[in-house]
file target.pdb (PDB, C-alpha atoms, pLDDT in the B column)
ATOM      1  CA  MET A   1       0.000   0.000   0.000  1.00 83.00           C
ATOM      2  CA  PHE A   2       1.315   3.440  -0.916  1.00 90.00           C
ATOM      3  CA  LYS A   3       1.792   5.686   2.123  1.00 89.00           C
ATOM      4  CA  PRO A   4       3.073   9.125   1.180  1.00 93.00           C
ATOM      5  CA  THR A   5       5.899  10.768   3.067  1.00 92.00           C
ATOM      6  CA  LYS A   6       5.203  14.205   4.537  1.00 93.00           C
ATOM      7  CA  LYS A   7       7.107  15.713   1.613  1.00 95.00           C
ATOM      8  CA  GLN A   8       5.029  13.776  -0.943  1.00 95.00           C
ATOM      9  CA  ALA A   9       1.767  14.736   0.759  1.00 94.00           C
ATOM     10  CA  LYS A  10       2.843  18.388   0.788  1.00 95.00           C
ATOM     11  CA  LEU A  11       3.658  18.254  -2.944  1.00 96.00           C
ATOM     12  CA  ALA A  12       0.156  16.939  -3.705  1.00 96.00           C
ATOM     13  CA  ILE A  13      -1.570  19.419  -1.370  1.00 95.00           C
ATOM     14  CA  ASP A  14       0.387  22.385  -2.756  1.00 96.00           C
ATOM     15  CA  TYR A  15      -0.365  21.328  -6.333  1.00 96.00           C
ATOM     16  CA  ALA A  16      -4.095  20.986  -5.582  1.00 94.00           C
ATOM     17  CA  LYS A  17      -4.155  24.345  -3.781  1.00 94.00           C
ATOM     18  CA  SER A  18      -2.620  26.031  -6.821  1.00 94.00           C
ATOM     19  CA  TYR A  19      -5.814  25.198  -8.773  1.00 91.00           C
ATOM     20  CA  PRO A  20      -8.629  25.733  -6.246  1.00 89.00           C
ATOM     21  CA  ASP A  21     -11.460  25.727  -8.813  1.00 86.00           C
ATOM     22  CA  ARG A  22     -10.655  22.516 -10.654  1.00 87.00           C
ATOM     23  CA  GLU A  23      -9.672  18.927 -10.066  1.00 88.00           C
ATOM     24  CA  VAL A  24      -5.999  18.279 -10.612  1.00 92.00           C
ATOM     25  CA  CYS A  25      -4.268  14.966 -11.056  1.00 95.00           C
ATOM     26  CA  GLY A  26      -0.790  13.578 -10.832  1.00 97.00           C
ATOM     27  CA  LEU A  27       1.284  10.475 -10.382  1.00 98.00           C
ATOM     28  CA  PHE A  28       3.553   9.343  -7.602  1.00 98.00           C
ATOM     29  CA  LEU A  29       6.221   7.145  -9.138  1.00 98.00           C
ATOM     30  CA  LYS A  30       8.038   4.246  -7.524  1.00 97.00           C
ATOM     31  CA  ASP A  31      11.233   6.333  -7.417  1.00 96.00           C
ATOM     32  CA  LYS A  32       9.349   8.693  -4.989  1.00 95.00           C
ATOM     33  CA  SER A  33       8.977  11.493  -7.550  1.00 96.00           C
ATOM     34  CA  PHE A  34       5.705  13.290  -8.293  1.00 97.00           C
ATOM     35  CA  VAL A  35       4.535  14.137 -11.807  1.00 97.00           C
ATOM     36  CA  GLU A  36       1.878  16.814 -12.326  1.00 96.00           C
ATOM     37  CA  VAL A  37      -0.460  15.685 -15.112  1.00 95.00           C
ATOM     38  CA  GLU A  38      -2.854  17.715 -17.257  1.00 91.00           C
ATOM     39  CA  ASN A  39      -6.487  16.961 -16.445  1.00 87.00           C
ATOM     40  CA  VAL A  40      -8.152  16.133 -19.763  1.00 85.00           C
ATOM     41  CA  PHE A  41     -11.573  15.223 -18.344  1.00 82.00           C
ATOM     42  CA  VAL A  42     -14.465  15.675 -20.768  1.00 68.00           C
ATOM     43  CA  SER A  43     -18.033  15.773 -19.511  1.00 62.00           C
ATOM     44  CA  PRO A  44     -20.213  13.003 -20.890  1.00 61.00           C
ATOM     45  CA  VAL A  45     -22.648  13.962 -23.618  1.00 56.00           C
ATOM     46  CA  GLY A  46     -26.125  14.351 -22.196  1.00 53.00           C
ATOM     47  CA  LYS A  47     -29.403  14.507 -24.031  1.00 50.00           C
ATOM     48  CA  ASP A  48     -29.284  18.311 -23.854  1.00 52.00           C
ATOM     49  CA  LEU A  49     -25.670  18.641 -24.919  1.00 47.00           C
ATOM     50  CA  PRO A  50     -24.787  18.293 -28.592  1.00 47.00           C
ATOM     51  CA  VAL A  51     -21.035  18.156 -27.924  1.00 45.00           C
ATOM     52  CA  LYS A  52     -18.705  17.063 -25.187  1.00 49.00           C
ATOM     53  CA  LEU A  53     -17.454  19.862 -22.965  1.00 48.00           C
ATOM     54  CA  GLU A  54     -14.086  20.066 -21.275  1.00 57.00           C
ATOM     55  CA  ASP A  55     -14.923  20.257 -17.587  1.00 58.00           C
ATOM     56  CA  PRO A  56     -12.017  19.824 -15.177  1.00 57.00           C
ATOM     57  CA  THR A  57     -14.231  20.953 -12.278  1.00 62.00           C
ATOM     58  CA  SER A  58     -16.266  17.753 -12.036  1.00 69.00           C
ATOM     59  CA  GLY A  59     -13.843  14.944 -12.736  1.00 80.00           C
ATOM     60  CA  PHE A  60     -10.392  14.054 -13.901  1.00 87.00           C
ATOM     61  CA  ALA A  61      -8.795  12.024 -16.651  1.00 87.00           C
ATOM     62  CA  ILE A  62      -5.147  11.316 -17.293  1.00 92.00           C
ATOM     63  CA  PRO A  63      -4.068  11.200 -20.942  1.00 91.00           C
ATOM     64  CA  PHE A  64      -3.488   7.669 -22.189  1.00 91.00           C
ATOM     65  CA  ALA A  65      -0.023   8.678 -23.419  1.00 94.00           C
ATOM     66  CA  VAL A  66       0.932   9.425 -19.802  1.00 95.00           C
ATOM     67  CA  TYR A  67      -0.046   5.899 -18.758  1.00 92.00           C
ATOM     68  CA  LEU A  68       2.076   4.559 -21.614  1.00 94.00           C
ATOM     69  CA  GLN A  69       5.020   6.742 -20.603  1.00 97.00           C
ATOM     70  CA  TYR A  70       5.040   5.818 -16.898  1.00 97.00           C
ATOM     71  CA  GLY A  71       3.235   2.458 -16.896  1.00 93.00           C
ATOM     72  CA  ARG A  72       4.733   0.112 -14.321  1.00 95.00           C
ATOM     73  CA  ASP A  73       6.531   2.975 -12.582  1.00 97.00           C
ATOM     74  CA  ILE A  74       3.249   4.361 -11.170  1.00 97.00           C
ATOM     75  CA  ALA A  75       2.997   3.884  -7.403  1.00 97.00           C
ATOM     76  CA  CYS A  76      -0.164   5.962  -6.847  1.00 97.00           C
ATOM     77  CA  ILE A  77      -2.619   8.113  -8.808  1.00 97.00           C
ATOM     78  CA  MET A  78      -3.517  11.413  -7.131  1.00 96.00           C
ATOM     79  CA  HIS A  79      -6.407  13.771  -7.751  1.00 94.00           C
ATOM     80  CA  SER A  80      -8.151  16.531  -5.858  1.00 92.00           C
ATOM     81  CA  HIS A  81     -11.682  17.196  -4.674  1.00 89.00           C
ATOM     82  CA  PRO A  82     -11.529  21.004  -4.593  1.00 86.00           C
ATOM     83  CA  SER A  83     -15.120  21.752  -3.651  1.00 77.00           C
ATOM     84  CA  SER A  84     -15.935  18.774  -1.492  1.00 68.00           C
ATOM     85  CA  ASP A  85     -16.393  18.603   2.246  1.00 66.00           C
ATOM     86  CA  HIS A  86     -15.987  14.831   1.946  1.00 66.00           C
ATOM     87  CA  ILE A  87     -12.353  13.790   1.712  1.00 70.00           C
ATOM     88  CA  GLY A  88     -12.993  10.113   1.029  1.00 74.00           C
ATOM     89  CA  PRO A  89     -13.278   8.549  -2.402  1.00 82.00           C
ATOM     90  CA  SER A  90     -16.462   8.831  -4.438  1.00 80.00           C
ATOM     91  CA  ARG A  91     -18.147   5.726  -5.828  1.00 81.00           C
ATOM     92  CA  ALA A  92     -16.650   6.598  -9.222  1.00 83.00           C
ATOM     93  CA  ASP A  93     -13.202   6.850  -7.589  1.00 87.00           C
ATOM     94  CA  ILE A  94     -13.578   3.397  -6.042  1.00 86.00           C
ATOM     95  CA  SER A  95     -14.599   1.799  -9.356  1.00 86.00           C
ATOM     96  CA  ALA A  96     -11.832   3.504 -11.308  1.00 90.00           C
ATOM     97  CA  GLN A  97      -9.212   2.665  -8.680  1.00 92.00           C
ATOM     98  CA  LYS A  98     -10.099  -1.014  -8.925  1.00 90.00           C
ATOM     99  CA  ALA A  99      -9.718  -0.852 -12.697  1.00 91.00           C
ATOM    100  CA  SER A 100      -6.358   0.936 -12.441  1.00 92.00           C
ATOM    101  CA  GLY A 101      -4.802  -1.624 -10.119  1.00 92.00           C
ATOM    102  CA  VAL A 102      -2.788   0.969  -8.173  1.00 95.00           C
ATOM    103  CA  PRO A 103      -3.595   2.962  -5.015  1.00 95.00           C
ATOM    104  CA  TRP A 104      -5.241   6.369  -5.327  1.00 95.00           C
ATOM    105  CA  MET A 105      -4.801   9.520  -3.274  1.00 94.00           C
ATOM    106  CA  VAL A 106      -7.569  12.096  -2.883  1.00 92.00           C
ATOM    107  CA  VAL A 107      -6.587  15.586  -1.705  1.00 92.00           C
ATOM    108  CA  SER A 108      -9.049  18.167  -0.383  1.00 89.00           C
ATOM    109  CA  GLY A 109      -7.725  21.299   1.259  1.00 88.00           C
ATOM    110  CA  GLU A 110      -5.008  20.280   3.715  1.00 88.00           C
ATOM    111  CA  ASP A 111      -6.299  16.710   4.022  1.00 88.00           C
ATOM    112  CA  TRP A 112      -5.546  13.586   2.011  1.00 89.00           C
ATOM    113  CA  PHE A 113      -6.715  10.008   1.821  1.00 88.00           C
ATOM    114  CA  VAL A 114      -5.058   7.002   0.113  1.00 91.00           C
ATOM    115  CA  PHE A 115      -6.974   3.862  -0.754  1.00 91.00           C
ATOM    116  CA  ASP A 116      -6.882   0.671  -2.771  1.00 90.00           C
ATOM    117  CA  GLU A 117      -9.205  -2.331  -2.945  1.00 84.00           C
ATOM    118  CA  GLU A 118      -8.265  -3.592   0.503  1.00 83.00           C
ATOM    119  CA  ASN A 119      -6.787  -0.726   2.511  1.00 79.00           C
ATOM    120  CA  CYS A 120      -7.087   2.921   3.351  1.00 71.00           C
ATOM    121  CA  PHE A 121      -4.664   5.338   4.960  1.00 61.00           C
ATOM    122  CA  SER A 122      -5.297   8.950   5.937  1.00 60.00           C
ATOM    123  CA  ASP A 123      -3.796  11.873   7.771  1.00 58.00           C
ATOM    124  CA  LEU A 124      -7.199  12.368   9.377  1.00 54.00           C
ATOM    125  CA  PRO A 125      -7.954  11.121  12.889  1.00 49.00           C
ATOM    126  CA  PHE A 126     -10.826   9.090  11.463  1.00 46.00           C
ATOM    127  CA  ILE A 127     -11.640   7.290   8.225  1.00 47.00           C
ATOM    128  CA  PRO A 128     -14.609   8.925   6.453  1.00 48.00           C
ATOM    129  CA  VAL A 129     -17.544   6.782   5.435  1.00 46.00           C
ATOM    130  CA  VAL A 130     -17.994   6.445   1.679  1.00 46.00           C
TER     131      VAL A 130
END
call {"tool": "encode", "arguments": {"input": "target.pdb", "output": "structure tokens"}}
result
Amino acid sequence: MFKPTKKQAKLAIDYAKSYPDREVCGLFLKDKSFVEVENVFVSPVGKDLPVKLEDPTSGFAIPFAVYLQYGRDIACIMHSHPSSDHIGPSRADISAQKASGVPWMVVSGEDWFVFDEENCFSDLPFIPVV
């Protein structure tokens, strides 16, 4: 299970705080480095929307080329919940984490939460209910 060092957690928190109105994403690599990644999330097409809209405020997506570049070197996928009072993972986060096969970190404000299919680890004094 990925457990960030204080320095790694600070990198993720500072990155998320630099974009307070949008979800950001990044990768922690096995060599302990952190890679900021462009959020390329596109809102799904709804019945009232004729085209897809870029919307980094309500989700995140990492470009496929980034996965190809870092592949097996990825230790953890990080993203932020900038406007959420709930630090824990969303249902969509849980499903996508299972598909990714690596731990995920969610950052909100000064708090963070790391989870995978079997474990969770947080800097909070309690583990939020999903």
call {"tool": "residues_around", "arguments": {"input": "target.pdb", "residues": "A:Gly109", "least_positions_apart": "3", "cutoff": "10 Å", "atoms": "all atoms listed in the file", "output": "PDB file with C-alpha atoms, in the frame of the given file"}}
result
ATOM      1  CA  ILE A  13      -1.570  19.419  -1.370  1.00 95.00           C
ATOM      2  CA  ASP A  14       0.387  22.385  -2.756  1.00 96.00           C
ATOM      3  CA  ALA A  16      -4.095  20.986  -5.582  1.00 94.00           C
ATOM      4  CA  LYS A  17      -4.155  24.345  -3.781  1.00 94.00           C
ATOM      5  CA  PRO A  20      -8.629  25.733  -6.246  1.00 89.00           C
ATOM      6  CA  SER A  80      -8.151  16.531  -5.858  1.00 92.00           C
ATOM      7  CA  HIS A  81     -11.682  17.196  -4.674  1.00 89.00           C
ATOM      8  CA  PRO A  82     -11.529  21.004  -4.593  1.00 86.00           C
ATOM      9  CA  SER A  83     -15.120  21.752  -3.651  1.00 77.00           C
ATOM     10  CA  SER A  84     -15.935  18.774  -1.492  1.00 68.00           C
ATOM     11  CA  ASP A  85     -16.393  18.603   2.246  1.00 66.00           C
ATOM     12  CA  ILE A  87     -12.353  13.790   1.712  1.00 70.00           C
ATOM     13  CA  TRP A 112      -5.546  13.586   2.011  1.00 89.00           C
TER      14      TRP A 112
END
call {"tool": "atom_distance", "arguments": {"input": "target.pdb", "atom1": "atom CA of A:Cys120", "atom2": "atom CA of A:Ala65"}}
result
28.3 Å
call {"tool": "closest_residue", "arguments": {"input": "target.pdb", "among": "A:Arg22, A:His79, A:Arg72, A:Lys30", "to": "A:Phe113", "atoms": "only C-alpha atoms"}}
result
A:His79
call {"tool": "resolve_selection", "arguments": {"input": "target.pdb", "expression": "the PyMOL selection byres ((chain A and resi 64) around 12)", "output": "number ranges by chain"}}
result
A: 37-41, 61-63, 65-71
call {"tool": "residues_around", "arguments": {"input": "target.pdb", "residues": "A:Phe28", "least_positions_apart": "6", "cutoff": "7 Å", "atoms": "only C-alpha atoms", "output": "VMD selection string"}}
result
chain A and resid 34 to 35 74 to 77
call {"tool": "atom_distance", "arguments": {"input": "target.pdb", "atom1": "atom CA of A:Trp104", "atom2": "atom CA of A:Asp21"}}
result
20.6 Å
call {"tool": "closest_residue", "arguments": {"input": "target.pdb", "among": "A:Glu117, A:Asp31, A:Glu23, A:Asp111", "to": "A:Ile94", "atoms": "only C-alpha atoms"}}
result
A:Glu117
call {"tool": "atom_distance", "arguments": {"input": "target.pdb", "atom1": "atom CA of A:Asp73", "atom2": "atom CA of A:Leu29"}}
result
5.4 Å
call {"tool": "residues_around", "arguments": {"input": "target.pdb", "residues": "A:Tyr15", "least_positions_apart": "4", "cutoff": "8 Å", "atoms": "only C-alpha atoms", "output": "ChimeraX atom specification"}}
result
/A:11,19,24,36
call {"tool": "closest_residue", "arguments": {"input": "target.pdb", "among": "A:Gln97, A:Leu27, A:Val106, A:Lys10", "to": "A:Glu118", "atoms": "only C-alpha atoms"}}
result
A:Gln97
call {"tool": "closest_residue", "arguments": {"input": "target.pdb", "among": "A:Ala96, A:Val107, A:Val102, A:Val114", "to": "A:Ala12", "atoms": "all atoms listed in the file"}}
result
A:Val107
call {"tool": "resolve_selection", "arguments": {"input": "target.pdb", "expression": "the PyMOL selection byres ((chain A and resi 3) around 10)", "output": "JSON, numbers by chain"}}
result
{"A": [1, 2, 4, 5, 6, 8, 9, 75, 76, 103, 105, 113, 114, 115, 120, 121, 122]}
call {"tool": "closest_residue", "arguments": {"input": "target.pdb", "among": "A:Gly26, A:Asn119, A:Glu110, A:Ala92", "to": "A:Gly59", "atoms": "only C-alpha atoms"}}
result
A:Ala92
call {"tool": "closest_residue", "arguments": {"input": "target.pdb", "among": "A:Met78, A:Ala99, A:Cys25, A:Ser33", "to": "A:Phe60", "atoms": "all atoms listed in the file"}}
result
A:Cys25
